file target-v2.cif (mmCIF, C-alpha atoms)
data_final
loop_
_atom_site.label_atom_id
_atom_site.label_comp_id
_atom_site.auth_asym_id
_atom_site.auth_seq_id
_atom_site.Cartn_x
_atom_site.Cartn_y
_atom_site.Cartn_z
CA MET A 52 -3.27 -32.87 -21.42
CA PRO A 53 -4.56 -31.41 -18.14
CA THR A 54 -3.31 -27.99 -17.05
CA TYR A 55 -3.06 -27.57 -13.30
CA ILE A 56 -3.67 -24.19 -11.71
CA GLU A 57 -1.47 -23.58 -8.67
CA MET A 58 -1.73 -21.12 -5.82
CA PRO A 59 0.66 -18.41 -7.05
CA LYS A 60 3.13 -16.44 -4.95
CA LEU A 61 1.65 -12.95 -5.08
CA SER A 62 3.90 -11.22 -2.54
CA ASP A 63 7.41 -11.65 -1.22
CA THR A 64 6.11 -12.80 2.18
CA MET A 65 3.24 -14.98 0.99
CA THR A 66 3.30 -18.65 2.02
CA GLU A 67 -0.38 -19.45 1.54
CA GLY A 68 -3.46 -17.86 0.05
CA THR A 69 -7.22 -18.00 0.50
CA VAL A 70 -9.60 -18.55 -2.41
CA LEU A 71 -12.18 -15.93 -1.53
CA LYS A 72 -14.43 -16.67 -4.47
CA TRP A 73 -14.33 -18.68 -7.67
CA LEU A 74 -15.70 -16.61 -10.53
CA ARG A 75 -16.02 -19.65 -12.79
CA LYS A 76 -17.68 -22.99 -12.03
CA VAL A 77 -16.82 -26.54 -13.02
CA GLY A 78 -17.74 -27.13 -16.67
CA ASP A 79 -17.22 -23.50 -17.72
CA LYS A 80 -15.08 -22.90 -20.77
CA VAL A 81 -12.09 -20.69 -19.99
CA GLU A 82 -10.13 -18.54 -22.41
CA VAL A 83 -6.80 -16.80 -22.01
CA GLY A 84 -7.36 -13.60 -20.01
CA ASP A 85 -10.52 -14.81 -18.22
CA ILE A 86 -10.64 -14.04 -14.50
CA LEU A 87 -10.88 -17.29 -12.58
CA ALA A 88 -10.95 -16.32 -8.91
CA GLU A 89 -10.28 -13.75 -6.22
CA ILE A 90 -7.34 -14.70 -4.03
CA GLU A 91 -6.58 -13.13 -0.66
CA THR A 92 -2.89 -12.94 0.21
CA ASP A 93 -1.33 -11.78 3.44
CA LYS A 94 -1.58 -8.19 2.17
CA ALA A 95 -4.15 -7.80 -0.58
CA THR A 96 -6.96 -9.31 -2.62
CA MET A 97 -5.90 -10.15 -6.16
CA GLU A 98 -7.79 -11.15 -9.30
CA LEU A 99 -6.28 -14.14 -11.09
CA GLU A 100 -6.45 -14.74 -14.81
CA ALA A 101 -5.95 -17.81 -16.96
CA PHE A 102 -3.09 -18.07 -19.41
CA GLU A 103 -4.41 -21.09 -21.31
CA ASP A 104 -7.73 -22.13 -22.83
CA GLY A 105 -9.71 -25.10 -21.57
CA THR A 106 -12.66 -26.26 -19.50
CA LEU A 107 -12.62 -25.95 -15.74
CA GLY A 108 -12.57 -29.61 -14.79
CA GLU A 109 -12.43 -29.55 -11.00
CA LEU A 110 -11.90 -27.16 -8.09
CA TYR A 111 -9.52 -28.64 -5.54
CA VAL A 112 -9.95 -25.71 -3.12
CA GLN A 113 -13.43 -24.32 -2.55
CA ASP A 114 -14.51 -20.76 -1.69
CA GLY A 115 -12.93 -19.75 1.61
CA GLY A 116 -10.36 -22.53 1.46
CA LYS A 117 -6.63 -22.04 1.95
CA ALA A 118 -3.74 -23.48 -0.03
CA GLY A 119 0.01 -23.17 0.20
CA VAL A 120 2.01 -21.45 -2.52
CA GLY A 121 2.52 -23.95 -5.36
CA GLU A 122 -0.34 -26.21 -4.30
CA LYS A 123 -2.89 -27.21 -6.94
CA ILE A 124 -6.19 -25.37 -6.58
CA ALA A 125 -7.94 -26.38 -9.84
CA VAL A 126 -7.42 -28.05 -13.20
CA LEU A 127 -8.24 -27.18 -16.81
CA VAL A 128 -8.95 -29.96 -19.31
CA ALA A 129 -9.43 -30.09 -23.05
CA ALA A 130 -12.68 -31.18 -24.71
CA GLY A 131 -13.34 -34.86 -23.99
CA GLU A 132 -10.37 -35.12 -21.65
CA LYS A 133 -10.74 -36.93 -18.34
CA VAL A 134 -10.37 -34.95 -15.13
CA PRO A 135 -7.33 -36.26 -13.22
CA ALA A 136 -7.38 -36.87 -9.50
CA LYS A 137 -5.53 -34.32 -7.39
CA SER A 138 -2.21 -35.50 -5.98
CA GLY A 139 -0.93 -34.36 -2.60
CA THR A 140 1.84 -32.20 -4.06
CA THR A 141 2.60 -30.62 -7.37
CA ALA A 142 4.67 -32.97 -9.50
CA PRO A 143 7.14 -31.67 -12.07
CA ALA A 144 5.74 -31.66 -15.60
CA ALA A 145 8.66 -33.78 -16.82
CA GLN A 146 7.57 -36.62 -14.54
CA THR A 147 3.82 -36.48 -15.03
CA GLY A 148 3.42 -35.26 -18.61
CA ASP A 149 0.85 -32.79 -17.28
CA LYS A 150 1.19 -29.01 -17.65
CA THR A 151 1.10 -26.66 -14.72
CA LEU A 152 -0.58 -23.30 -15.21
CA GLU A 153 1.05 -20.47 -13.31
CA VAL A 154 -1.77 -18.04 -12.58
CA ALA A 155 -0.61 -14.46 -12.08
CA PRO A 156 -2.21 -11.16 -11.02
CA THR A 157 -4.34 -9.59 -13.68
CA LYS A 158 -2.45 -7.19 -15.89
CA THR A 159 -4.78 -6.36 -18.78
CA ALA A 160 -8.24 -7.31 -19.94
CA VAL A 161 -9.95 -6.16 -23.11
CA ALA A 162 -13.55 -5.04 -23.15
CA SER A 163 -14.84 -5.24 -26.71
CA GLY A 164 -17.70 -3.22 -28.07
CA PRO A 165 -19.44 -3.35 -31.44
CA GLU A 166 -17.01 -0.86 -33.02
CA GLU A 167 -13.90 -0.72 -30.84
CA ARG A 168 -11.71 -2.56 -28.37
CA ILE A 169 -10.94 -0.82 -25.10
CA LYS A 170 -7.98 -1.86 -22.97
CA VAL A 171 -9.26 -1.99 -19.39
CA SER A 172 -8.35 -3.92 -16.27
CA PRO A 173 -11.03 -6.32 -14.95
CA LEU A 174 -11.34 -4.34 -11.70
CA ALA A 175 -11.81 -1.09 -13.62
CA LYS A 176 -14.44 -2.74 -15.81
CA LYS A 177 -16.29 -3.98 -12.72
CA VAL A 178 -16.22 -0.54 -11.07
CA ALA A 179 -17.38 1.09 -14.29
CA LEU A 180 -20.41 -1.20 -14.45
CA GLU A 181 -21.23 -0.48 -10.79
CA LYS A 182 -20.98 3.30 -11.21
CA GLY A 183 -22.43 3.52 -14.71
CA VAL A 184 -19.28 5.04 -16.22
CA ASP A 185 -18.82 4.97 -20.01
CA LEU A 186 -15.37 3.45 -20.63
CA SER A 187 -15.21 4.81 -24.17
CA VAL A 188 -14.80 8.40 -22.93
CA ILE A 189 -11.94 7.65 -20.49
CA ASN A 190 -8.27 8.09 -21.30
CA GLY A 191 -6.41 5.33 -19.48
CA SER A 192 -3.34 6.12 -17.38
CA GLY A 193 -2.07 2.53 -17.23
CA PRO A 194 0.57 0.91 -19.44
CA GLY A 195 -0.26 1.30 -23.12
CA GLY A 196 -3.24 3.50 -22.28
CA ARG A 197 -4.97 0.79 -20.27
CA ILE A 198 -7.87 2.04 -18.14
CA VAL A 199 -7.32 1.25 -14.45
CA GLU A 200 -9.57 1.61 -11.41
CA LYS A 201 -8.40 5.11 -10.47
CA ASP A 202 -9.30 6.36 -13.97
CA VAL A 203 -12.86 5.11 -13.54
CA LEU A 204 -13.14 6.55 -10.03
CA ALA A 205 -11.86 9.91 -11.28
CA ALA A 206 -14.39 9.91 -14.13
CA SER A 207 -17.16 9.03 -11.71
CA SER A 208 -16.09 11.78 -9.32
CA ASN A 209 -15.93 14.37 -12.08
CA ALA A 210 -19.41 13.38 -13.22
CA SER A 211 -20.73 13.77 -9.68
CA ASN A 212 -19.03 17.14 -9.24
CA SER A 213 -20.50 18.46 -12.48
CA LYS A 214 -23.97 17.66 -11.20
CA SER A 215 -23.42 19.25 -7.80
CA THR A 216 -23.44 22.90 -6.79
CA SER A 217 -20.22 24.83 -7.11
CA LYS A 218 -20.42 25.99 -3.50
CA VAL A 219 -17.38 24.90 -1.50
CA ILE A 220 -18.10 23.49 1.95
CA THR A 221 -15.30 23.52 4.51
CA SER A 222 -15.43 20.69 7.03
CA PRO A 223 -14.84 21.81 10.63
CA LYS A 224 -11.81 20.46 12.44
CA THR A 225 -12.77 17.44 14.53
CA GLU A 226 -11.08 15.38 17.20
CA PRO A 227 -10.10 11.78 16.39
CA LYS A 228 -13.13 9.52 16.66
CA PRO A 229 -12.92 6.83 19.34
CA VAL A 230 -12.48 3.31 17.98
CA ALA A 231 -15.19 0.87 19.04
CA PHE A 232 -13.90 -2.58 20.04
CA PRO A 233 -16.11 -5.56 20.96
CA ILE A 234 -16.36 -6.14 24.70
CA LEU A 235 -16.45 -9.71 26.03
CA PRO A 236 -18.69 -10.69 28.94
CA PRO A 237 -16.88 -10.81 32.30
CA GLY A 238 -15.11 -14.12 32.89
CA SER A 239 -15.16 -15.13 29.23
CA SER A 240 -12.40 -15.40 26.65
CA THR A 241 -12.15 -16.03 22.95
CA ARG A 242 -9.48 -17.51 20.70
CA ILE A 243 -8.97 -15.66 17.42
CA PRO A 244 -7.15 -17.56 14.65
CA LEU A 245 -4.33 -15.56 13.08
CA SER A 246 -4.94 -14.17 9.62
CA GLY A 247 -2.24 -14.52 7.00
CA MET A 248 -1.39 -10.85 7.38
CA ARG A 249 -1.14 -11.03 11.17
CA LYS A 250 1.17 -14.05 10.92
CA VAL A 251 3.49 -12.21 8.57
CA ILE A 252 3.47 -9.07 10.73
CA ALA A 253 4.36 -11.15 13.79
CA GLU A 254 7.19 -12.93 12.00
CA ARG A 255 8.66 -9.74 10.57
CA LEU A 256 8.49 -7.89 13.89
CA VAL A 257 10.27 -10.72 15.70
CA THR A 258 12.92 -10.81 12.98
CA SER A 259 13.36 -7.04 13.13
CA LYS A 260 13.69 -6.77 16.91
CA THR A 261 15.87 -9.86 17.35
CA THR A 262 18.25 -9.44 14.40
CA ILE A 263 18.46 -5.66 13.85
CA PRO A 264 20.35 -3.54 16.41
CA HIS A 265 17.97 -0.60 16.75
CA PHE A 266 18.89 2.84 17.97
CA TYR A 267 16.57 5.79 18.44
CA LEU A 268 16.70 9.57 18.03
CA GLY A 269 13.99 12.12 18.70
CA MET A 270 13.35 15.70 17.65
CA GLU A 271 10.64 18.31 18.13
CA VAL A 272 9.93 20.66 15.24
CA ASP A 273 7.95 23.86 14.82
CA ALA A 274 4.86 22.88 12.84
CA ALA A 275 3.42 26.41 12.56
CA PRO A 276 4.95 27.06 9.09
CA ILE A 277 3.39 23.88 7.69
CA LEU A 278 0.01 24.73 9.20
CA SER A 279 0.14 28.24 7.71
CA LEU A 280 1.24 27.13 4.23
CA ARG A 281 -1.24 24.25 4.23
CA ALA A 282 -4.13 26.56 5.18
CA ASN A 283 -3.28 28.97 2.35
CA LEU A 284 -2.89 26.22 -0.23
CA ASN A 285 -6.06 24.42 0.84
CA SER A 286 -8.08 27.62 0.54
CA ALA A 287 -6.91 27.96 -3.05
CA LEU A 288 -7.49 24.26 -3.78
CA GLU A 289 -11.01 24.36 -2.32
CA ALA A 290 -11.86 27.34 -4.51
CA VAL A 291 -11.25 25.22 -7.60
CA GLY A 292 -12.79 22.05 -6.18
CA GLN A 293 -9.56 20.11 -5.64
CA ALA A 294 -8.69 17.79 -2.76
CA LYS A 295 -7.04 19.19 0.34
CA LEU A 296 -3.45 18.59 1.34
CA THR A 297 -2.71 16.79 4.60
CA ILE A 298 0.11 17.39 7.06
CA ASN A 299 1.43 13.96 6.10
CA ASP A 300 1.77 15.12 2.48
CA PHE A 301 4.17 17.82 3.65
CA VAL A 302 6.05 15.30 5.79
CA LEU A 303 6.55 12.93 2.84
CA LYS A 304 7.77 15.77 0.63
CA ALA A 305 10.19 16.91 3.35
CA VAL A 306 11.47 13.36 3.89
CA ALA A 307 12.22 13.00 0.18
CA ALA A 308 14.10 16.30 0.16
CA ALA A 309 16.05 15.46 3.33
CA VAL A 310 17.09 12.06 1.96
CA LEU A 311 18.70 13.77 -1.02
CA ARG A 312 20.78 15.79 1.44
CA VAL A 313 21.77 12.74 3.55
CA PRO A 314 21.49 9.76 1.16
CA LYS A 315 23.18 7.32 3.57
CA VAL A 316 19.85 6.84 5.37
CA ASN A 317 18.32 5.53 2.13
CA ALA A 318 20.06 2.16 2.42
CA SER A 319 19.78 -1.44 3.56
CA TRP A 320 21.96 -4.16 5.07
CA ASP A 321 22.92 -6.93 2.63
CA GLY A 322 25.06 -9.31 4.64
CA ASP A 323 28.55 -8.40 3.45
CA ALA A 324 27.64 -4.99 2.01
CA ILE A 325 25.45 -1.93 2.45
CA VAL A 326 23.17 -1.12 -0.47
CA GLU A 327 22.42 2.56 -1.04
CA TYR A 328 19.51 3.56 -3.29
CA GLY A 329 19.30 6.42 -5.76
CA SER A 330 15.49 6.63 -5.72
CA VAL A 331 13.57 7.69 -2.62
CA ASP A 332 10.75 5.14 -2.45
CA ILE A 333 8.77 5.99 0.68
CA SER A 334 6.75 3.23 2.34
CA VAL A 335 3.81 4.75 4.23
CA ALA A 336 2.16 2.75 7.01
CA VAL A 337 -1.61 2.45 6.51
CA ALA A 338 -3.76 0.79 9.17
CA ILE A 339 -6.25 -1.78 7.90
CA GLU A 340 -8.52 -4.30 9.62
CA ASP A 341 -5.97 -7.13 9.88
CA GLY A 342 -2.97 -4.97 10.79
CA LEU A 343 -1.12 -2.57 8.53
CA ILE A 344 0.32 -2.38 5.05
CA THR A 345 2.92 -0.02 3.60
CA PRO A 346 2.09 1.21 0.08
CA VAL A 347 5.05 2.88 -1.61
CA VAL A 348 5.29 6.36 -3.11
CA ARG A 349 8.03 5.71 -5.66
CA ASN A 350 10.58 8.27 -6.82
CA ALA A 351 9.19 10.73 -4.28
CA GLN A 352 12.23 12.95 -4.79
CA GLY A 353 10.98 13.84 -8.27
CA LYS A 354 7.31 14.40 -7.46
CA THR A 355 5.47 17.59 -6.57
CA LEU A 356 3.53 18.00 -3.36
CA ALA A 357 0.29 17.68 -5.31
CA GLN A 358 1.46 14.46 -6.99
CA ILE A 359 2.49 12.92 -3.66
CA SER A 360 -0.84 13.91 -2.10
CA SER A 361 -2.94 12.50 -4.94
CA GLU A 362 -0.95 9.28 -5.15
CA MET A 363 -1.04 8.73 -1.40
CA LYS A 364 -4.81 9.20 -1.24
CA ASP A 365 -5.26 6.63 -3.99
CA LEU A 366 -2.84 4.13 -2.43
CA ALA A 367 -4.37 4.48 1.05
CA SER A 368 -7.90 4.01 -0.29
CA ARG A 369 -7.00 0.85 -2.18
CA ALA A 370 -4.89 -0.42 0.71
CA ARG A 371 -7.91 -0.31 3.02
CA SER A 372 -9.97 -2.27 0.49
CA LYS A 373 -7.05 -4.69 -0.05
CA LYS A 374 -6.84 -3.86 -3.76
CA LEU A 375 -3.13 -3.05 -4.00
CA LYS A 376 -0.89 -4.92 -6.42
CA PRO A 377 2.30 -6.45 -4.96
CA GLU A 378 4.50 -3.93 -6.75
CA GLU A 379 2.60 -1.15 -4.98
CA TYR A 380 3.55 -2.22 -1.45
CA GLN A 381 6.92 -3.91 -1.94
CA GLY A 382 10.39 -2.48 -2.40
CA GLY A 383 10.35 0.77 -0.39
CA THR A 384 13.63 2.26 0.82
CA ILE A 385 12.49 4.23 3.90
CA THR A 386 9.26 4.14 5.92
CA VAL A 387 7.05 6.82 7.45
CA SER A 388 4.47 5.93 10.11
CA SER A 389 2.11 8.54 11.53
CA LEU A 390 -0.19 8.24 14.52
CA GLY A 391 -0.83 11.97 14.58
CA PRO A 392 -4.43 11.60 13.35
CA PHE A 393 -5.10 9.49 16.48
CA GLY A 394 -3.78 12.18 18.79
CA ILE A 395 -0.54 10.37 19.68
CA GLU A 396 2.07 13.00 20.49
CA GLY A 397 5.17 10.87 20.02
CA PHE A 398 6.40 7.29 19.59
CA TYR A 399 9.16 5.12 18.13
CA ALA A 400 8.45 2.48 15.50
CA ILE A 401 10.16 -0.82 14.63
CA VAL A 402 12.42 -0.88 11.56
CA ASN A 403 10.78 -2.39 8.49
CA PRO A 404 13.43 -4.77 7.05
CA PRO A 405 15.30 -4.74 4.76
CA GLN A 406 15.05 -0.96 5.17
CA SER A 407 17.23 0.80 7.74
CA VAL A 408 15.10 3.76 8.84
CA ILE A 409 11.52 4.30 9.96
CA LEU A 410 10.18 7.69 10.99
CA ALA A 411 7.39 7.99 13.57
CA ILE A 412 5.34 11.17 13.20
CA GLY A 413 3.30 12.44 16.13
CA SER A 414 0.41 14.88 16.23
CA VAL A 415 0.73 18.65 16.16
CA VAL A 416 0.38 19.86 19.74
CA LYS A 417 -0.25 23.41 20.96
CA LYS A 418 2.10 24.22 23.82
CA PRO A 419 4.00 27.15 25.34
CA VAL A 420 7.45 27.60 23.77
CA VAL A 421 10.33 30.00 24.22
CA GLY A 422 10.15 32.70 21.53
CA PRO A 423 13.09 34.32 19.70
CA LYS A 424 13.28 37.08 22.31
CA GLY A 425 13.26 34.69 25.24
CA ASP A 426 9.59 35.23 25.99
CA ILE A 427 7.00 32.46 26.38
CA VAL A 428 4.63 32.30 23.42
CA PRO A 429 2.05 29.78 22.14
CA GLY A 430 3.46 27.32 19.61
CA ASP A 431 2.55 24.34 17.42
CA ARG A 432 5.01 21.50 17.90
CA MET A 433 5.37 18.10 16.27
CA THR A 434 7.55 15.25 17.54
CA ILE A 435 9.51 12.96 15.22
CA GLY A 436 10.85 9.59 16.30
CA PHE A 437 13.75 8.12 14.32
CA SER A 438 14.47 4.37 14.52
CA ALA A 439 17.44 2.95 12.60
CA ASP A 440 19.54 -0.13 11.95
CA HIS A 441 22.88 0.62 13.62
CA ARG A 442 24.70 -1.76 11.26
CA VAL A 443 23.94 0.62 8.41
CA ILE A 444 23.59 4.04 10.03
CA ASP A 445 25.59 5.75 12.76
CA GLY A 446 24.13 8.20 15.22
CA ALA A 447 25.82 11.19 13.59
CA VAL A 448 24.32 10.30 10.19
CA GLY A 449 20.87 9.95 11.76
CA ALA A 450 21.26 13.29 13.52
CA ALA A 451 22.37 14.99 10.29
CA PHE A 452 19.28 13.62 8.53
CA LEU A 453 16.95 14.89 11.26
CA VAL A 454 18.55 18.35 11.07
CA GLU A 455 17.81 18.44 7.33
CA LEU A 456 14.30 17.10 7.87
CA ARG A 457 13.58 19.79 10.44
CA ARG A 458 14.84 22.44 8.01
CA TYR A 459 12.40 21.32 5.32
CA LEU A 460 9.53 21.01 7.79
CA GLU A 461 10.10 24.42 9.37
CA GLN A 462 10.71 26.04 5.98
CA PRO A 463 8.31 23.94 3.85
CA ALA A 464 8.61 26.22 0.82
CA LEU A 465 12.21 24.99 0.42
CA ALA A 466 10.96 21.51 -0.41
CA LEU A 467 8.66 22.89 -3.10
CA VAL A 468 11.39 24.48 -5.23
#

call {"tool": "encode", "arguments": {"input": "target-v2.cif", "output": "structure tokens"}}
result
Amino acid sequence: MPTYIEMPKLSDTMTEGTVLKWLRKVGDKVEVGDILAEIETDKATMELEAFEDGTLGELYVQDGGKAGVGEKIAVLVAAGEKVPAKSGTTAPAAQTGDKTLEVAPTKTAVASGPEERIKVSPLAKKVALEKGVDLSVINGSGPGGRIVEKDVLAASSNASNSKSTSKVITSPKTEPKPVAFPILPPGSSTRIPLSGMRKVIAERLVTSKTTIPHFYLGMEVDAAPILSLRANLNSALEAVGQAKLTINDFVLKAVAAAVLRVPKVNASWDGDAIVEYGSVDISVAVAIEDGLITPVVRNAQGKTLAQISSEMKDLASRARSKKLKPEEYQGGTITVSSLGPFGIEGFYAIVNPPQSVILAIGSVVKKPVVGPKGDIVPGDRMTIGFSADHRVIDGAVGAAFLVELRRYLEQPALALV
């Protein structure tokens, strides 16, 4: 009997998806595990795999077409079976006798060679082919030893580094580059249809500002200790060819440490109760073309500074290419948003529901400050904006958290032990 393929729900906020590209055409035989299409959700681009064998009988949604969650986008048929006409809605299998195929994000694909079978994700396999990386020499870091994209990228990077000179080049400090926006001719206007991501962002912001009673706190911290420690660590890291640490890495580490001291900020409103979380899962705002996405550094309280830095670089890179999996940007417990790299000195952000706290991190600014002896000395200052859901958090709790956060930022070595 025919097996219908529906538009799956690939994120908690997804209501429709776009079929970016079918990777199989009508008449192709499909086996379990084959990648059928690339689907763009409101937050990411996902590969979809088949969970039943058959022949692709018809595509109900073509490349670039949209479909609501649960709507039929294609059908698989058995040999000699007639292709059914698409109905307007998905009918229950009990009424139609047809099966519905729930297509889910790719988990594992197997690349087979003449002598061995290698567990590798389809995206990792594709990247390996593009970069000429031998999968047989890679140890996978995914579940069950599966090779994932970051393993291939790391292998490719190591290969490139081994071919390059060992001389370390330090990039000079640069000002934020101006962003170029298209300029319309005088007197003209243009109407830009909303993307799925922009629709979701708009809906969530309206919900946040109209249903969550925000309150705001601000604090200025001495950033000189972070700058000094970061410079020393980066010199050592550069000497061995490792990636540099960013100021944001130190902020995330300090946030995780401060949450452990004031765990009441790591909570959400749940109607008739407040839910407090034991793990510090930090959502980090990353700007992308359609808006922003918040990949999550999970269990940040148990990770080293180096682990947080490496993980954040990987998440941010894949966020910008819309290659994150839903579990990588859903379920955070507290959010950090930084506009420091753009030169913004200070701001307040909107709470990211169902979370209760979002921290807004400004740039490090050189300014005259009052020294310990009452004299005026040059200083490096960073402003932190704290926005919170007043149903969950009181002002005194927010203030206590900021005091702890400032302690870990001004004495960054404390967060490392």

call {"tool": "resolve_selection", "arguments": {"input": "target-v2.cif", "expression": "the PyMOL selection byres ((chain A and resi 95-111) around 8)", "output": "ChimeraX atom specification"}}
result
/A:75-94,112-113,123-130,134,137,152-157,370,373-377

call {"tool": "residues_around", "arguments": {"input": "target-v2.cif", "residues": "Gly115 of chain A", "least_positions_apart": "2", "cutoff": "8 Å", "atoms": "all atoms listed in the file", "output": "list in words"}}
result
Thr69, Val70, Leu71, Lys72, Gln113 and Lys117 of chain A

call {"tool": "residues_near_point", "arguments": {"input": "target-v2.cif", "point": "(-2.2, -2.2, 9.0)", "cutoff": "10 Å", "atoms": "all atoms listed in the file", "output": "VMD selection string"}}
result
chain A and resid 94 248 to 249 252 336 to 345 370 to 371

call {"tool": "closest_residue", "arguments": {"input": "target-v2.cif", "among": "A:Ser372, A:Thr66, A:Ser330, A:Thr386", "to": "Gly353 of chain A", "atoms": "only C-alpha atoms"}}
result
A:Ser330

call {"tool": "closest_residue", "arguments": {"input": "target-v2.cif", "among": "A:Arg432, A:Leu245, A:Val415, A:Tyr380", "to": "Asp63 of chain A", "atoms": "only C-alpha atoms"}}
result
A:Tyr380

call {"tool": "atom_distance", "arguments": {"input": "target-v2.cif", "atom1": "atom CA of Lys295 of chain A", "atom2": "atom CA of Leu390 of chain A"}}
result
19.2 Å

call {"tool": "resolve_selection", "arguments": {"input": "target-v2.cif", "expression": "the PyMOL selection byres ((chain A and resi 332) around 9)", "output": "VMD selection string"}}
result
chain A and resid 307 317 328 330 to 331 333 to 334 347 to 352 382 to 386
